[in-house]
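*Asks:* The structure is given below, and queries will be raised subsequently.
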Amino acid sequence: MMAKKAAWTAFLVCAALILAFYYLQVSAQTSAQTSAQAPASTPASTQAAEGGAAAEDAGTDTDGDRGGDGQPEATGSESDSPAGVDRANGFAQPSPDAPQAPEASDPAPPKQYERQEIAAPPVPAPDTQDPAAVAGAFLTVYNSRASETDQTWQETVQPWLTPDLAQQMPAVTNGALTGKTPTSVSAIEVGDNVEEWGTDTPLRWARYVQVTMDTQDQGTYLLEYRVRAQLTDQGWLINAAPLDSWQRVEK
């Protein structure tokens, strides 16, 4: 009886050992398969360390591609570059192979006018009882100059002007002559009455007067004046002679 009990006990022990061994083998195989199929993972501490290093690099990059806030600066690319611009060297420059803007055409040379011989006119001796003659004599001398600094006209015209106008005229710039001297008057044409100054009377005279002025190298000009004169004991004297306009004309 005792022998059977001992044999049975030994059998149970052997069976338990066999089951334990089998369980260990199955567990080992399952662990190996799971490890082979799962992706490799990085420990959280390692990832945090790498992330901090990347953030530090973004803020201290010295290559010029990032700003002070760690964000990349916009850089030109071939797709967003204007046509005909080459950014291969890091800066915009015209591409020699791209269509070039047409070159500006040279400005037209200034027109050349036939050179005219300019001679000082003889000093007029107008009839002071004729206002048109006085006006013509004054405008002929006033617009005939050897140069812009020529002042010989002042003394010549003084007898044909009222004292007030004679005093004012030297300070008045004759714009029609600026940059055009030497000049000479070749024609005077007395026109209609200047209505705004009143109709002509035995003591008052007012007319539009056109002056043809020749220049040496800049062609011929037509000057438009209004002239007003009054009758005095010295004859007709001019008391106003504004220049309204001037323009170049074909002679």
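Chain identifiers are assigned as A, B, and so on, following the order in which chains appear in the structure tokens; residues are numbered from 1 within each chain, and ligands are numbered from 1 in order of appearance.
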Any idea what's packed within 9 Å of range 229-238 of chain A, counting only C-alpha atoms, ignoring anything in its chain fewer than 2 positions away? Could you give it as a ChimeraX atom specification?
*Replies:* /A:127-131,134-135,138,159-162,165,202-206,227,240-241
*Asks:* With only C-alpha atoms as the atoms that count, which of A:Ala187, A:Ala132, A:Val249, A:Ile118 lies nearest to Arg226 in chain A?
*Replies:*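 The answer is A:Ala132, which sits nearest to Arg226 in chain A.
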*Asks:* Go through A:Val141, A:Ala146, A:Leu243, A:Val194 one by one, measure the shortest atom-to-atom distance of each to Gln216 in chain A using only C-alpha atoms, and give the residue with the smallest value.
*Replies:*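 For Gln216 in chain A, the nearest of the given residues is A:Ala146.
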